[in-house]
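This report refers to the structure that appears directly beneath it.
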Protein chains: 4
Amino acid sequence: MPTTIRLQTLEDATRERTIKRLKIIEGQVRGVQGIVEAGRKCLEILMQVSAVQEGLRNVGKQVMRNYPENCATHAIRDGGGPEIYDELMEVIYKYAR
Amino acid sequence: MPTTIRLQTLEDATRERTIKRLKIIEGQVRGVQGIVEAGRKCLEILMQVSAVQEGLRNVGKQVMRNYPENCATHAIRDGGGPEIYDELMEVIYKYAR
Amino acid sequence: MPTTIRLQTLEDATRERTIKRLKIIEGQVRGVQGIVEAGRKCLEILMQVSAVQEGLRNVGKQVMRNYPENCATHAIRDGGGPEIYDELMEVIYKYAR
Amino acid sequence: MPTTIRLQTLEDATRERTIKRLKIIEGQVRGVQGIVEAGRKCLEILMQVSAVQEGLRNVGKQVMRNYPENCATHAIRDGGGPEIYDELMEVIYKYAR
């Protein structure tokens, strides 16, 4: 895997937004615990779990968001070839499920 | 949707196991917050988010687990026909993603 | 894996319906080839590929459909315990993606 | 959606490779019909359907592959801002399932 992808970290603004989202998700997970404890219907639990999964998918999307821009910078400035985009696709298709 | 599926709740033992799993997942979500705050690499964040998603999928599987048994009881005892299994498939394919 | 799940085959009616669906999917795959050859937009190709994927997921759902009923028969007639439903969940969560 | 993403088509080389893959997938779909007709086990059918789904996912990946490069060209040459990468993420997360 090329350095650009391996070394990539989040920018400050994205980092804060990501933590914020994760705090919401943490609250949602506690919420699911609550409805399980309260003996609520399985269907309601499944729906709530599904909502948390969607939230986590969006966290992944936000983290993934900076890659294409940084790959472009790398490809142009450092003369990186198309390999970096091949690697980008691998990472995306691995984690964007 | 038939009553059997709509009214289904978790048995006590499953309820406790589900809450236990959700507590672990809550801890994992806090763990992801930690690595984001620490400025760790995007790839590591994506991997950890992926692990939490897998954990939630397993919670869903555990909740879904009682349905087939209850549908069977219903189909036999109450003379429920194949419709209940059709509905079961709908629920499974909606939430087992 | 228990014999009931390992040995399960499709009933005649389901078999015919499944083949019918697969023929439609075969036609759709040829249709995607056509729009690729015609030089159509990537977005249109992605949308069509997505439709075929949905079609295949529904084939899987149809094949999976008989399992719960057969597991129930097995559990009752042959005194099969809850293990068969555990295995059923494994199969479902493996293939219902 | 920005023009760059909406208007994107496949390059000749990718087009040919995509058609080639789709022909293989067409053959696989016929293969699944064959095993269904032959009355083979449900598990075997599910496995084969799963393989075709994976093949289609890879077709989608190949089609998606050119976007990041073209978005980069657009962002630099035409002064396109970060919006194009936002849109790219939307498309990717919609179709990379």
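FYI, nothing fancy with the structure tokens labels: chains A, B, ... in order, residues from 1 per chain, ligands from 1 as they appear.
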Long-range neighbours of Cys42 (chain D) as a VMD selection string, 8 Å cut-off, only C-alpha atoms, 5 positions minimum in chain: chain C and resid 6 to 10 63 to 64
Least-squares Cα fit of chain A to chain D, output as a compact mmCIF listing (two decimals) with N, CA and C atoms, in the first residue's frame:
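Contents of result_8.txt, as written:
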```
# COMPACT_ATOMS: atom_id res chain seq x y z
N MET A 1 -25.55 16.77 -8.76
CA MET A 1 -24.29 16.05 -9.02
C MET A 1 -23.46 16.78 -10.07
N PRO A 2 -22.16 16.92 -9.82
CA PRO A 2 -21.33 17.69 -10.77
C PRO A 2 -21.20 16.98 -12.11
N THR A 3 -21.01 17.79 -13.13
CA THR A 3 -20.90 17.30 -14.50
C THR A 3 -19.85 16.20 -14.65
N THR A 4 -18.71 16.40 -14.00
CA THR A 4 -17.61 15.43 -14.13
C THR A 4 -18.07 14.01 -13.81
N ILE A 5 -18.86 13.89 -12.75
CA ILE A 5 -19.32 12.56 -12.37
C ILE A 5 -20.46 12.11 -13.27
N ARG A 6 -21.35 13.03 -13.59
CA ARG A 6 -22.51 12.68 -14.41
C ARG A 6 -22.13 12.29 -15.83
N LEU A 7 -21.09 12.93 -16.35
CA LEU A 7 -20.75 12.70 -17.76
C LEU A 7 -19.70 11.61 -17.99
N GLN A 8 -19.09 11.18 -16.90
CA GLN A 8 -17.99 10.21 -17.01
C GLN A 8 -18.39 8.93 -17.77
N THR A 9 -17.55 8.56 -18.75
CA THR A 9 -17.73 7.26 -19.43
C THR A 9 -16.45 6.43 -19.24
N LEU A 10 -16.51 5.18 -19.63
CA LEU A 10 -15.33 4.32 -19.50
C LEU A 10 -14.35 4.56 -20.65
N GLU A 11 -13.06 4.45 -20.34
CA GLU A 11 -12.06 4.47 -21.42
C GLU A 11 -12.14 3.15 -22.19
N ASP A 12 -11.63 3.18 -23.42
CA ASP A 12 -11.73 1.99 -24.28
C ASP A 12 -11.20 0.72 -23.62
N ALA A 13 -10.03 0.83 -23.01
CA ALA A 13 -9.41 -0.36 -22.42
C ALA A 13 -10.29 -0.92 -21.29
N THR A 14 -10.78 -0.02 -20.43
CA THR A 14 -11.63 -0.46 -19.32
C THR A 14 -12.94 -1.04 -19.85
N ARG A 15 -13.45 -0.43 -20.91
CA ARG A 15 -14.71 -0.91 -21.48
C ARG A 15 -14.58 -2.36 -21.93
N GLU A 16 -13.49 -2.64 -22.62
CA GLU A 16 -13.28 -4.02 -23.08
C GLU A 16 -13.13 -5.01 -21.92
N ARG A 17 -12.36 -4.58 -20.91
CA ARG A 17 -12.18 -5.46 -19.76
C ARG A 17 -13.50 -5.70 -19.02
N THR A 18 -14.32 -4.66 -18.98
CA THR A 18 -15.61 -4.78 -18.29
C THR A 18 -16.55 -5.74 -19.04
N ILE A 19 -16.57 -5.62 -20.36
CA ILE A 19 -17.41 -6.53 -21.15
C ILE A 19 -16.94 -7.98 -20.98
N LYS A 20 -15.64 -8.14 -20.96
CA LYS A 20 -15.06 -9.48 -20.77
C LYS A 20 -15.53 -10.09 -19.44
N ARG A 21 -15.45 -9.28 -18.39
CA ARG A 21 -15.90 -9.75 -17.08
C ARG A 21 -17.39 -10.07 -17.08
N LEU A 22 -18.16 -9.24 -17.76
CA LEU A 22 -19.62 -9.47 -17.80
C LEU A 22 -19.96 -10.74 -18.56
N LYS A 23 -19.16 -11.06 -19.57
CA LYS A 23 -19.38 -12.32 -20.30
C LYS A 23 -19.12 -13.51 -19.39
N ILE A 24 -18.07 -13.39 -18.56
CA ILE A 24 -17.79 -14.46 -17.59
C ILE A 24 -18.96 -14.60 -16.62
N ILE A 25 -19.45 -13.47 -16.14
CA ILE A 25 -20.58 -13.49 -15.21
C ILE A 25 -21.83 -14.09 -15.86
N GLU A 26 -22.06 -13.75 -17.11
CA GLU A 26 -23.19 -14.35 -17.84
C GLU A 26 -23.05 -15.88 -17.85
N GLY A 27 -21.85 -16.34 -18.10
CA GLY A 27 -21.61 -17.79 -18.09
C GLY A 27 -21.85 -18.39 -16.72
N GLN A 28 -21.45 -17.66 -15.69
CA GLN A 28 -21.66 -18.15 -14.32
C GLN A 28 -23.15 -18.25 -13.99
N VAL A 29 -23.92 -17.26 -14.46
CA VAL A 29 -25.36 -17.29 -14.19
C VAL A 29 -25.98 -18.52 -14.87
N ARG A 30 -25.54 -18.81 -16.10
CA ARG A 30 -26.01 -20.03 -16.76
C ARG A 30 -25.58 -21.26 -15.97
N GLY A 31 -24.38 -21.22 -15.43
CA GLY A 31 -23.89 -22.32 -14.60
C GLY A 31 -24.80 -22.56 -13.39
N VAL A 32 -25.25 -21.48 -12.77
CA VAL A 32 -26.15 -21.63 -11.62
C VAL A 32 -27.47 -22.25 -12.07
N GLN A 33 -27.97 -21.81 -13.23
CA GLN A 33 -29.19 -22.44 -13.78
C GLN A 33 -28.99 -23.95 -13.90
N GLY A 34 -27.81 -24.33 -14.37
CA GLY A 34 -27.51 -25.74 -14.56
C GLY A 34 -27.57 -26.54 -13.27
N ILE A 35 -26.97 -26.00 -12.20
CA ILE A 35 -26.98 -26.77 -10.95
C ILE A 35 -28.36 -26.77 -10.31
N VAL A 36 -29.15 -25.71 -10.55
CA VAL A 36 -30.52 -25.72 -10.04
C VAL A 36 -31.34 -26.79 -10.76
N GLU A 37 -31.21 -26.80 -12.08
CA GLU A 37 -31.92 -27.81 -12.88
C GLU A 37 -31.53 -29.23 -12.50
N ALA A 38 -30.24 -29.41 -12.19
CA ALA A 38 -29.75 -30.73 -11.83
C ALA A 38 -30.21 -31.16 -10.44
N GLY A 39 -30.91 -30.28 -9.74
CA GLY A 39 -31.44 -30.64 -8.43
C GLY A 39 -30.39 -30.67 -7.33
N ARG A 40 -29.32 -29.89 -7.54
CA ARG A 40 -28.26 -29.88 -6.52
C ARG A 40 -28.70 -29.20 -5.23
N LYS A 41 -27.88 -29.40 -4.20
CA LYS A 41 -28.19 -28.90 -2.87
C LYS A 41 -28.32 -27.37 -2.81
N CYS A 42 -29.22 -26.91 -1.94
CA CYS A 42 -29.41 -25.47 -1.74
C CYS A 42 -28.10 -24.77 -1.37
N LEU A 43 -27.32 -25.40 -0.50
CA LEU A 43 -26.06 -24.79 -0.07
C LEU A 43 -25.13 -24.52 -1.24
N GLU A 44 -25.10 -25.46 -2.18
CA GLU A 44 -24.24 -25.27 -3.35
C GLU A 44 -24.76 -24.12 -4.21
N ILE A 45 -26.07 -24.04 -4.35
CA ILE A 45 -26.66 -22.93 -5.11
C ILE A 45 -26.31 -21.60 -4.44
N LEU A 46 -26.48 -21.54 -3.13
CA LEU A 46 -26.19 -20.30 -2.40
C LEU A 46 -24.73 -19.88 -2.58
N MET A 47 -23.83 -20.86 -2.56
CA MET A 47 -22.41 -20.56 -2.73
C MET A 47 -22.13 -20.01 -4.12
N GLN A 48 -22.76 -20.60 -5.13
CA GLN A 48 -22.54 -20.15 -6.50
C GLN A 48 -23.14 -18.76 -6.73
N VAL A 49 -24.33 -18.53 -6.19
CA VAL A 49 -24.96 -17.20 -6.31
C VAL A 49 -24.05 -16.16 -5.66
N SER A 50 -23.49 -16.52 -4.53
CA SER A 50 -22.58 -15.64 -3.81
C SER A 50 -21.35 -15.29 -4.66
N ALA A 51 -20.83 -16.26 -5.37
CA ALA A 51 -19.67 -16.03 -6.23
C ALA A 51 -20.02 -15.05 -7.36
N VAL A 52 -21.21 -15.19 -7.93
CA VAL A 52 -21.63 -14.26 -8.98
C VAL A 52 -21.79 -12.85 -8.41
N GLN A 53 -22.35 -12.76 -7.21
CA GLN A 53 -22.50 -11.45 -6.57
C GLN A 53 -21.14 -10.78 -6.39
N GLU A 54 -20.16 -11.56 -5.95
CA GLU A 54 -18.81 -11.03 -5.78
C GLU A 54 -18.26 -10.54 -7.12
N GLY A 55 -18.49 -11.32 -8.17
CA GLY A 55 -18.05 -10.92 -9.51
C GLY A 55 -18.66 -9.60 -9.94
N LEU A 56 -19.94 -9.42 -9.66
CA LEU A 56 -20.62 -8.17 -10.03
C LEU A 56 -20.09 -7.00 -9.20
N ARG A 57 -19.78 -7.27 -7.94
CA ARG A 57 -19.20 -6.22 -7.11
C ARG A 57 -17.87 -5.74 -7.72
N ASN A 58 -17.11 -6.68 -8.24
CA ASN A 58 -15.84 -6.31 -8.87
C ASN A 58 -16.03 -5.54 -10.16
N VAL A 59 -17.09 -5.83 -10.90
CA VAL A 59 -17.41 -5.03 -12.09
C VAL A 59 -17.67 -3.58 -11.65
N GLY A 60 -18.48 -3.43 -10.61
CA GLY A 60 -18.77 -2.09 -10.09
C GLY A 60 -17.49 -1.36 -9.68
N LYS A 61 -16.60 -2.09 -9.04
CA LYS A 61 -15.34 -1.51 -8.60
C LYS A 61 -14.52 -1.01 -9.79
N GLN A 62 -14.52 -1.80 -10.84
CA GLN A 62 -13.76 -1.43 -12.04
C GLN A 62 -14.36 -0.17 -12.70
N VAL A 63 -15.68 -0.11 -12.74
CA VAL A 63 -16.33 1.05 -13.34
C VAL A 63 -16.07 2.30 -12.47
N MET A 64 -16.15 2.11 -11.17
CA MET A 64 -15.94 3.21 -10.21
C MET A 64 -14.50 3.73 -10.27
N ARG A 65 -13.60 2.87 -10.70
CA ARG A 65 -12.16 3.15 -10.64
C ARG A 65 -11.72 4.47 -11.27
N ASN A 66 -12.32 4.87 -12.38
CA ASN A 66 -11.86 6.09 -13.05
C ASN A 66 -12.29 7.38 -12.38
N TYR A 67 -13.32 7.31 -11.57
CA TYR A 67 -13.84 8.53 -10.96
C TYR A 67 -12.79 9.37 -10.23
N PRO A 68 -12.07 8.78 -9.24
CA PRO A 68 -11.17 9.65 -8.45
C PRO A 68 -10.18 10.41 -9.33
N GLU A 69 -9.65 9.74 -10.33
CA GLU A 69 -8.69 10.38 -11.24
C GLU A 69 -9.34 11.56 -11.96
N ASN A 70 -10.53 11.33 -12.49
CA ASN A 70 -11.21 12.38 -13.24
C ASN A 70 -11.67 13.52 -12.34
N CYS A 71 -12.06 13.18 -11.13
CA CYS A 71 -12.44 14.23 -10.18
C CYS A 71 -11.23 15.10 -9.87
N ALA A 72 -10.07 14.47 -9.75
CA ALA A 72 -8.84 15.22 -9.47
C ALA A 72 -8.53 16.17 -10.62
N THR A 73 -8.59 15.65 -11.85
CA THR A 73 -8.34 16.49 -13.02
C THR A 73 -9.28 17.69 -13.01
N HIS A 74 -10.53 17.40 -12.77
CA HIS A 74 -11.54 18.46 -12.72
C HIS A 74 -11.22 19.48 -11.63
N ALA A 75 -10.91 18.97 -10.43
CA ALA A 75 -10.68 19.86 -9.29
C ALA A 75 -9.51 20.81 -9.56
N ILE A 76 -8.51 20.29 -10.26
CA ILE A 76 -7.31 21.10 -10.50
C ILE A 76 -7.48 21.99 -11.74
N ARG A 77 -7.85 21.38 -12.85
CA ARG A 77 -7.88 22.13 -14.10
C ARG A 77 -9.01 23.14 -14.14
N ASP A 78 -10.18 22.70 -13.66
CA ASP A 78 -11.34 23.58 -13.78
C ASP A 78 -11.62 24.34 -12.48
N GLY A 79 -10.69 24.23 -11.54
CA GLY A 79 -10.90 24.93 -10.28
C GLY A 79 -12.09 24.40 -9.49
N GLY A 80 -12.43 23.15 -9.72
CA GLY A 80 -13.54 22.54 -8.96
C GLY A 80 -13.12 22.41 -7.51
N GLY A 81 -14.03 22.68 -6.60
CA GLY A 81 -13.70 22.66 -5.18
C GLY A 81 -13.91 21.29 -4.59
N PRO A 82 -13.97 21.20 -3.27
CA PRO A 82 -14.13 19.92 -2.57
C PRO A 82 -15.50 19.27 -2.81
N GLU A 83 -16.45 20.04 -3.37
CA GLU A 83 -17.81 19.47 -3.58
C GLU A 83 -17.75 18.21 -4.44
N ILE A 84 -16.84 18.24 -5.40
CA ILE A 84 -16.78 17.08 -6.30
C ILE A 84 -16.40 15.81 -5.54
N TYR A 85 -15.55 15.96 -4.52
CA TYR A 85 -15.17 14.79 -3.74
C TYR A 85 -16.31 14.35 -2.80
N ASP A 86 -17.09 15.33 -2.35
CA ASP A 86 -18.28 14.98 -1.55
C ASP A 86 -19.22 14.12 -2.39
N GLU A 87 -19.44 14.55 -3.63
CA GLU A 87 -20.32 13.81 -4.53
C GLU A 87 -19.76 12.43 -4.84
N LEU A 88 -18.45 12.38 -5.01
CA LEU A 88 -17.80 11.10 -5.28
C LEU A 88 -18.07 10.11 -4.16
N MET A 89 -17.95 10.59 -2.92
CA MET A 89 -18.20 9.73 -1.77
C MET A 89 -19.65 9.22 -1.77
N GLU A 90 -20.59 10.11 -2.15
CA GLU A 90 -21.99 9.70 -2.20
C GLU A 90 -22.18 8.55 -3.19
N VAL A 91 -21.60 8.72 -4.37
CA VAL A 91 -21.74 7.70 -5.41
C VAL A 91 -21.10 6.38 -4.95
N ILE A 92 -19.90 6.50 -4.40
CA ILE A 92 -19.19 5.30 -3.95
C ILE A 92 -20.00 4.56 -2.88
N TYR A 93 -20.45 5.30 -1.87
CA TYR A 93 -21.16 4.63 -0.77
C TYR A 93 -22.54 4.14 -1.16
N LYS A 94 -23.06 4.68 -2.26
CA LYS A 94 -24.34 4.18 -2.76
C LYS A 94 -24.16 2.83 -3.47
N TYR A 95 -23.08 2.72 -4.23
CA TYR A 95 -22.95 1.54 -5.10
C TYR A 95 -21.91 0.51 -4.65
N ALA A 96 -21.10 0.83 -3.65
CA ALA A 96 -20.02 -0.10 -3.27
C ALA A 96 -20.47 -1.13 -2.24
N ARG A 97 -21.75 -1.28 -2.06
CA ARG A 97 -22.29 -2.21 -1.05
C ARG A 97 -21.80 -3.63 -1.24
```
Chain A: residues DSSP assigns to helix (DSSP H, G or I), reported as JSON, numbers by chain: {"A": [3, 4, 5, 6, 7, 12, 13, 14, 15, 16, 17, 18, 19, 20, 21, 22, 23, 24, 25, 26, 27, 28, 29, 30, 31, 32, 33, 34, 35, 36, 37, 42, 43, 44, 45, 46, 47, 48, 49, 50, 51, 52, 53, 54, 55, 56, 57, 58, 59, 60, 61, 62, 63, 64, 66, 67, 68, 69, 70, 71, 72, 73, 74, 75, 76, 77, 83, 84, 85, 86, 87, 88, 89, 90, 91, 92, 93, 94, 95]}
